[in-house]
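Data block below; observations after.
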Amino acid sequence: MTEAGVGELVDFMPVSSSKTGSKTHRLVRMLRCIWGRLTFALDIAPRFDYGREFFETHLTEDGAVFEGSRTSMTVALIREPEDERRARTRVDAHSDVHAEVQLEAGEMRGLVLETGTAGPVRAVRVAEAWRLFDETVDSGRPGSADPPTRDAGGRP
């Protein structure tokens, strides 16, 4: 909350299966401007093998790929296909990514960080991110709850 606006950050880790382990793991971070206009700053600084494994960073239109000799990770943007490119992004000398994105009231963007992948990065639609959230929340509940009501943009 600032004088310029009110924002919301939602982080969660989708569950791929309740019965078996997975070699890939995901972290979803959704950023939403509730009121006003806000600039969100993002820093992505992976340290594979506690900083012992060096990696290269490759930016794409839909995110980034961090690729080491044994470890890899992708970051896919959460946005709609027709969205204009809002983020100002740079890669520093350590291959870390730094970005800023400005959002106005009602707008949402974010990212999906996935380990164990180095393939092509595909942007994630807002409704798809909310579906992952609903599945994650419902996976911890006995029975199946109805998903929260969403507007046309996929927001609760």
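Here's how to read the names in the structure tokens: chain A, B, ... by the order shown, residue numbers from 1 in each chain, ligand numbers from 1 in the order shown.
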List as a list in words the protein and nucleic acid residues near segment 22-34 of chain A, meaning an atom at most 8 Å away when only C-alpha atoms are counted, but skip any in the same chain fewer than 6 places from it.
Gly5, Val6, Gly7, Glu8, Leu9, Val10, Asp11, Phe12, Met13, Pro14, Ser16, Phe40, Ile78, Leu103, Glu104, Ala105, Gly106, Glu107, Met108, Arg109, Gly110, Leu111, Val112, Leu113, Glu114, Thr115, Gly116, Thr117 and Ala129 of chain A
Going by DSSP on the backbone, which residues of chain A come out as strand (DSSP E or B)? List them as a ChimeraX atom specification.
/A:5-12,26-44,55-60,63-68,72-78,88-91,97-104,108-115,124
From the options A:Ala87, A:Ala4, A:Val121, A:Val75, which residue's atoms come nearest to Gln102 of chain A, counting only C-alpha atoms?
A:Ala87
So that I can see what lies close to Leu59 of chain A, please list as a PyMOL selection string the residues with an atom at most 10 Å from it, counting only C-alpha atoms and leaving out residues fewer than 4 positions away in the same chain.
chain A and resi 63-66+74-75+89-91+97+121
Keeping only C-alpha atoms, write the selected residues to a file as a PDB file, in the first residue's frame.
ATOM      1  CA  GLY A  63      10.003 -14.914 -20.247  1.00  0.00           C
ATOM      2  CA  ALA A  64      13.502 -16.193 -19.542  1.00  0.00           C
ATOM      3  CA  VAL A  65      15.530 -19.391 -19.447  1.00  0.00           C
ATOM      4  CA  PHE A  66      18.317 -19.905 -16.882  1.00  0.00           C
ATOM      5  CA  THR A  74      12.303 -21.188 -16.889  1.00  0.00           C
ATOM      6  CA  VAL A  75      10.303 -18.090 -16.012  1.00  0.00           C
ATOM      7  CA  THR A  89      13.898  -5.872 -18.222  1.00  0.00           C
ATOM      8  CA  ARG A  90      17.668  -6.191 -18.033  1.00  0.00           C
ATOM      9  CA  VAL A  91      20.182  -8.945 -17.339  1.00  0.00           C
ATOM     10  CA  VAL A  97      17.170 -10.617 -14.297  1.00  0.00           C
ATOM     11  CA  VAL A 121       8.979 -20.494 -22.719  1.00  0.00           C
TER      12      VAL A 121
END
As a PDB file with all heavy atoms, in the first residue's frame, please: the residues near Ala93 of chain A (cut-off 12 Å, only C-alpha atoms, same-chain neighbours under 5 positions excluded).
ATOM      1  N   ALA A  45      17.247 -14.027  -9.197  1.00  0.00           N
ATOM      2  CA  ALA A  45      18.672 -14.304  -9.048  1.00  0.00           C
ATOM      3  C   ALA A  45      18.876 -15.744  -8.587  1.00  0.00           C
ATOM      4  O   ALA A  45      19.131 -16.005  -7.416  1.00  0.00           O
ATOM      5  CB  ALA A  45      19.283 -13.322  -8.050  1.00  0.00           C
ATOM      6  N   PHE A  55      25.569 -20.369 -14.765  1.00  0.00           N
ATOM      7  CA  PHE A  55      24.483 -20.514 -15.721  1.00  0.00           C
ATOM      8  C   PHE A  55      24.464 -19.315 -16.665  1.00  0.00           C
ATOM      9  O   PHE A  55      25.070 -18.284 -16.403  1.00  0.00           O
ATOM     10  CB  PHE A  55      23.131 -20.633 -15.003  1.00  0.00           C
ATOM     11  CG  PHE A  55      22.780 -19.432 -14.169  1.00  0.00           C
ATOM     12  CD1 PHE A  55      22.020 -18.398 -14.702  1.00  0.00           C
ATOM     13  CD2 PHE A  55      23.222 -19.318 -12.861  1.00  0.00           C
ATOM     14  CE1 PHE A  55      21.699 -17.286 -13.939  1.00  0.00           C
ATOM     15  CE2 PHE A  55      22.903 -18.222 -12.089  1.00  0.00           C
ATOM     16  CZ  PHE A  55      22.141 -17.194 -12.627  1.00  0.00           C
ATOM     17  N   GLU A  56      23.746 -19.494 -17.760  1.00  0.00           N
ATOM     18  CA  GLU A  56      23.506 -18.416 -18.716  1.00  0.00           C
ATOM     19  C   GLU A  56      22.030 -18.074 -18.688  1.00  0.00           C
ATOM     20  O   GLU A  56      21.194 -18.944 -18.443  1.00  0.00           O
ATOM     21  CB  GLU A  56      23.893 -18.852 -20.131  1.00  0.00           C
ATOM     22  CG  GLU A  56      25.370 -19.037 -20.334  1.00  0.00           C
ATOM     23  CD  GLU A  56      25.698 -19.405 -21.784  1.00  0.00           C
ATOM     24  OE1 GLU A  56      24.771 -19.500 -22.621  1.00  0.00           O
ATOM     25  OE2 GLU A  56      26.883 -19.593 -22.059  1.00  0.00           O
ATOM     26  N   THR A  57      21.720 -16.823 -18.963  1.00  0.00           N
ATOM     27  CA  THR A  57      20.338 -16.363 -18.998  1.00  0.00           C
ATOM     28  C   THR A  57      19.986 -15.964 -20.425  1.00  0.00           C
ATOM     29  O   THR A  57      20.744 -15.253 -21.077  1.00  0.00           O
ATOM     30  CB  THR A  57      20.156 -15.154 -18.068  1.00  0.00           C
ATOM     31  OG1 THR A  57      20.504 -15.549 -16.744  1.00  0.00           O
ATOM     32  CG2 THR A  57      18.723 -14.656 -18.089  1.00  0.00           C
ATOM     33  N   HIS A  98      16.469  -8.363 -13.784  1.00  0.00           N
ATOM     34  CA  HIS A  98      15.834  -7.295 -13.019  1.00  0.00           C
ATOM     35  C   HIS A  98      14.778  -6.678 -13.911  1.00  0.00           C
ATOM     36  O   HIS A  98      15.040  -6.381 -15.081  1.00  0.00           O
ATOM     37  CB  HIS A  98      16.863  -6.238 -12.607  1.00  0.00           C
ATOM     38  CG  HIS A  98      18.025  -6.835 -11.879  1.00  0.00           C
ATOM     39  ND1 HIS A  98      17.965  -7.157 -10.542  1.00  0.00           N
ATOM     40  CD2 HIS A  98      19.259  -7.204 -12.303  1.00  0.00           C
ATOM     41  CE1 HIS A  98      19.123  -7.682 -10.172  1.00  0.00           C
ATOM     42  NE2 HIS A  98      19.917  -7.720 -11.230  1.00  0.00           N
TER      43      HIS A  98
END
For Arg122 of chain A, which residue among A:Leu77, A:Val137, A:Val15, A:Ala99 is the nearest when counting only C-alpha atoms?
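With only C-alpha atoms as the atom set, the closest residue is A:Leu77.
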Measuring atom to atom with only C-alpha atoms, identify which of A:Met1, A:Met73, A:Ala123, A:Val101 is nearest to Asp43 of chain A.
A:Val101
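Picture a line from atom CA of Ile44 of chain A to atom CA of Glu3 of chain A; it runs 26.6 Å.
Atom CA of Arg52 of chain A to atom CA of Asp92 of chain A spans 18.1 Å [interatomic distance, one decimal].
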Name the residues of chain A that fall into helix (DSSP H, G or I) according to DSSP on the backbone, using the chain letters and numbers of this document, as a list of chain:residue names.
A:Phe48, A:Asp49, A:Tyr50, A:Gly51, A:Val126, A:Ala127, A:Glu128, A:Ala129, A:Trp130, A:Arg131, A:Leu132, A:Phe133, A:Asp134, A:Glu135, A:Thr136, A:Val137, A:Asp138, A:Ser139
To one decimal place, how far is atom CA of Glu80 of chain A from atom CA of Arg131 of chain A in Å?
14.6 Å
